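Report on the following structure.
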Amino acid sequence: MQNIVFLEAGTLGSDMDFSPFEKLGRVTRYEKSTAAETPGRVADADIVIVNKINMNAKTLAGADHLKMIAITATGYNMIDLDYTRKKGIAVANVAGYSTDAVAQHTFALLFYVMHKLAYYDAYVKEGNYCHCDTFTHIEERFHELAGKNWGIIGMGAIGHKVARIAEAFGCNVIYHSMSGCLREEPYEHVELDTLFAESDILSIHAPLTPATEGLMNRDAFRKMKNSAIFLNLARGPIVNEADLVWALETGEIAAAGLDVLSAEPMREDNPLLAYKDSRKLIITPHVAWAPVETRARLLEEVYRNIEAFLKGEERNRIH
């Protein structure tokens, strides 16, 4: 019987059903694990299921039975692929499971700041609306989405989904490819400076690469419209967070919505933590991928990856 070890089951939520994995082998489930705890926990494992913990010679020391690492995510930068290849350890990830969820969250962040929902919700709940002398209260201005330019960096599956929804709202979609790899698209590709200058909404859905790391800095924000809304649903290090605070404080941009940060969990010295104006900034703790259906889909895909591996089939294999 296969020994299957979940190192970070807690990252998938307590409401998920892990029982199907018992059909595949003996399951040991840890809610969370540290790098220091990992060698002892994987010593007898045949299959390890992991999300963020680095898998390398140090954490896998003594894992002599290990045959497969199943990742509960798309990214696999925490895997030392040279090491796993040398050891003959198969690695599989899950791609495309969260496209709808992340696109949905993109618009949730947008409308929170675009429609000044923090202000209007507080206005009602603090009792101010009870004393309003008319049926409506229009203190904070907001705008229609129709007719606006929506700029995208990262025209992959999520970028395409966001583009289609933006079009349905009446936006003109433009994009820039950081890789320089241009495919036939129904959207206009523009230079990066043009994207910054013309976008009313700019959303990031690109991977973290040397080209994108630190891309959104003071210089980039200076090139954007003062009325622009910036959204990052990709990777935190794409944004210089101190520069984003500067852009919000000086009015270089109108607002921002973030689901990712440079370090996760958020560090207490993150400059964004001190910026409290929810009319202009919303931050969620990396949850765009996490609707109930999305997490269930992810877990099912991991199950199917392991099932395929045990049958000698290659499914979502990185190597």
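Residue numbering restarts at 1 in every chain; chains get A, B, ... in the order shown in the structure tokens, and ligands count up from 1 in that same order.
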Just want the 8 Å neighbourhood of region 91-105 of chain A, counted on only C-alpha atoms, with same-chain residues fewer than 5 positions away dropped. Output as number ranges by chain.
A: 68-76, 84, 157-159, 161-162, 233, 288-291, 294, 297-298, 301-302, 305, 315-319
Exercise: region 199-216 of chain A partners within 8 Å, only C-alpha atoms, chain neighbours under 6 positions left out, as a PyMOL selection string:
chain A and resi 106+148-156+158-159+174+178-179+224-225+227-235+237-240+244
Please report the interatomic distance between CA of Asp82 (chain A) and CA of Asn3 (chain A) in Å with one decimal.
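Between CA of Asp82 (chain A) and CA of Asn3 (chain A) the gap is 23.8 Å.
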Test item, helix (DSSP H, G or I) assignment across region 106-158 of chain A, answer as a PyMOL selection string:
chain A and resi 106-114+117-125+128-131+157-158
Please save C-alpha atoms of the selected residues as a PDB file, in the first residue's frame.
```
ATOM      1  CA  THR A 106     -10.425  40.548 -10.231  1.00  0.00           C
ATOM      2  CA  PHE A 107     -13.804  42.196 -10.693  1.00  0.00           C
ATOM      3  CA  ALA A 108     -14.638  41.897  -6.994  1.00  0.00           C
ATOM      4  CA  LEU A 109     -11.544  43.963  -6.161  1.00  0.00           C
ATOM      5  CA  LEU A 110     -12.266  46.402  -8.962  1.00  0.00           C
ATOM      6  CA  PHE A 111     -15.828  47.203  -7.965  1.00  0.00           C
ATOM      7  CA  TYR A 112     -14.950  47.527  -4.273  1.00  0.00           C
ATOM      8  CA  VAL A 113     -12.700  50.505  -4.996  1.00  0.00           C
ATOM      9  CA  MET A 114     -14.354  51.740  -8.197  1.00  0.00           C
ATOM     10  CA  LEU A 117     -18.162  50.507  -1.461  1.00  0.00           C
ATOM     11  CA  ALA A 118     -16.147  50.918   1.754  1.00  0.00           C
ATOM     12  CA  TYR A 119     -17.400  54.497   2.090  1.00  0.00           C
ATOM     13  CA  TYR A 120     -21.034  53.818   1.202  1.00  0.00           C
ATOM     14  CA  ASP A 121     -21.279  50.689   3.369  1.00  0.00           C
ATOM     15  CA  ALA A 122     -19.873  52.610   6.352  1.00  0.00           C
ATOM     16  CA  TYR A 123     -22.223  55.535   5.647  1.00  0.00           C
ATOM     17  CA  VAL A 124     -25.231  53.264   6.024  1.00  0.00           C
ATOM     18  CA  LYS A 125     -23.992  51.090   8.898  1.00  0.00           C
ATOM     19  CA  ASN A 128     -25.812  58.349   8.671  1.00  0.00           C
ATOM     20  CA  TYR A 129     -28.317  57.241   6.029  1.00  0.00           C
ATOM     21  CA  CYS A 130     -31.065  57.339   8.680  1.00  0.00           C
ATOM     22  CA  HIS A 131     -30.586  61.090   8.883  1.00  0.00           C
ATOM     23  CA  ALA A 157      -5.991  31.836 -19.587  1.00  0.00           C
ATOM     24  CA  ILE A 158      -6.856  34.197 -16.730  1.00  0.00           C
TER      25      ILE A 158
END
```
Figure out the distance between CA of Asp219 (chain A) and CA of His176 (chain A), please, to one decimal in Å.
17.0 Å
Distance criterion (only C-alpha atoms): nearest to Ala242 (chain A) out of A:Ala168, A:Met266, A:Leu272, A:Leu66
A:Leu272
May I ask for the distance between CA of Phe196 (chain A) and CA of Glu264 (chain A), given in Å to one decimal place?
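Straight-line distance from CA of Phe196 (chain A) to CA of Glu264 (chain A) works out to 27.0 Å.
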Expected answer as a PyMOL selection string: strand (DSSP E or B) residues in region 76-294 of chain A:
chain A and resi 79+90-92+149-153+172-176+188-189+201-204+216+229-232+239+255-258+281-283
Got a sec: who's within 10 Å of Met16 (chain A), counting only C-alpha atoms, leaving out chain neighbours fewer than 5 positions off, as a list in words?
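Contacts, in chain order: Ala9, Gly10, Val292, Glu293, Arg295, Ala296 and Leu299 of chain A.
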Excluding region 17-33 of chain A and its own-chain neighbours fewer than 2 positions away, which residues fall within 9 Å of it when counting only C-alpha atoms? Please give them as a PyMOL selection string.
chain A and resi 1-11+14-15+35-38+41+53+296+299-300+303+306-307+310
For Lys223 (chain A): contacts at 9 Å, only C-alpha atoms, fewer than 5 positions along chain excluded, given as a list in words:
Asp193, Thr194, Phe196, Ala197, Arg218 and Glu252 of chain A
Export of prior selection with all heavy atoms as an mmCIF file, in the first residue's frame:
```cif
data_model
loop_
_atom_site.group_PDB
_atom_site.id
_atom_site.type_symbol
_atom_site.label_atom_id
_atom_site.label_comp_id
_atom_site.auth_asym_id
_atom_site.auth_seq_id
_atom_site.Cartn_x
_atom_site.Cartn_y
_atom_site.Cartn_z
ATOM 1 N N ASP A 193 4.732 51.434 -22.261
ATOM 2 C CA ASP A 193 4.455 52.817 -21.874
ATOM 3 C C ASP A 193 3.069 53.259 -22.338
ATOM 4 O O ASP A 193 2.386 54.019 -21.639
ATOM 5 C CB ASP A 193 5.514 53.759 -22.445
ATOM 6 C CG ASP A 193 6.818 53.708 -21.660
ATOM 7 O OD1 ASP A 193 6.861 53.016 -20.619
ATOM 8 O OD2 ASP A 193 7.803 54.342 -22.087
ATOM 9 N N THR A 194 2.648 52.775 -23.488
ATOM 10 C CA THR A 194 1.305 53.091 -23.987
ATOM 11 C C THR A 194 0.250 52.454 -23.104
ATOM 12 O O THR A 194 -0.788 53.065 -22.796
ATOM 13 C CB THR A 194 1.147 52.596 -25.442
ATOM 14 O OG1 THR A 194 2.139 53.216 -26.260
ATOM 15 C CG2 THR A 194 -0.232 52.918 -25.985
ATOM 16 N N PHE A 196 0.522 51.754 -19.920
ATOM 17 C CA PHE A 196 0.446 52.542 -18.693
ATOM 18 C C PHE A 196 -0.350 53.832 -18.920
ATOM 19 O O PHE A 196 -1.202 54.202 -18.111
ATOM 20 C CB PHE A 196 1.851 52.896 -18.197
ATOM 21 C CG PHE A 196 2.640 51.731 -17.675
ATOM 22 C CD1 PHE A 196 4.026 51.711 -17.790
ATOM 23 C CD2 PHE A 196 2.022 50.660 -17.062
ATOM 24 C CE1 PHE A 196 4.770 50.647 -17.313
ATOM 25 C CE2 PHE A 196 2.749 49.578 -16.574
ATOM 26 C CZ PHE A 196 4.137 49.574 -16.701
ATOM 27 N N ALA A 197 -0.065 54.499 -20.008
ATOM 28 C CA ALA A 197 -0.652 55.822 -20.252
ATOM 29 C C ALA A 197 -2.130 55.775 -20.596
ATOM 30 O O ALA A 197 -2.875 56.703 -20.259
ATOM 31 C CB ALA A 197 0.120 56.521 -21.377
ATOM 32 N N ARG A 218 7.748 53.150 -9.066
ATOM 33 C CA ARG A 218 7.386 54.564 -9.100
ATOM 34 C C ARG A 218 7.321 55.104 -10.525
ATOM 35 O O ARG A 218 6.423 55.872 -10.882
ATOM 36 C CB ARG A 218 8.371 55.365 -8.256
ATOM 37 C CG ARG A 218 7.967 56.820 -8.060
ATOM 38 C CD ARG A 218 8.837 57.527 -7.045
ATOM 39 N NE ARG A 218 8.648 56.998 -5.698
ATOM 40 C CZ ARG A 218 8.829 57.713 -4.583
ATOM 41 N NH1 ARG A 218 9.222 58.974 -4.656
ATOM 42 N NH2 ARG A 218 8.643 57.163 -3.398
ATOM 43 N N GLU A 252 -1.052 59.694 -7.753
ATOM 44 C CA GLU A 252 -0.560 59.292 -9.076
ATOM 45 C C GLU A 252 -1.517 58.310 -9.734
ATOM 46 O O GLU A 252 -1.653 58.286 -10.956
ATOM 47 C CB GLU A 252 0.837 58.684 -8.962
ATOM 48 C CG GLU A 252 1.943 59.672 -8.687
ATOM 49 C CD GLU A 252 2.225 60.596 -9.867
ATOM 50 O OE1 GLU A 252 1.979 60.193 -11.015
ATOM 51 O OE2 GLU A 252 2.685 61.716 -9.630
#
```
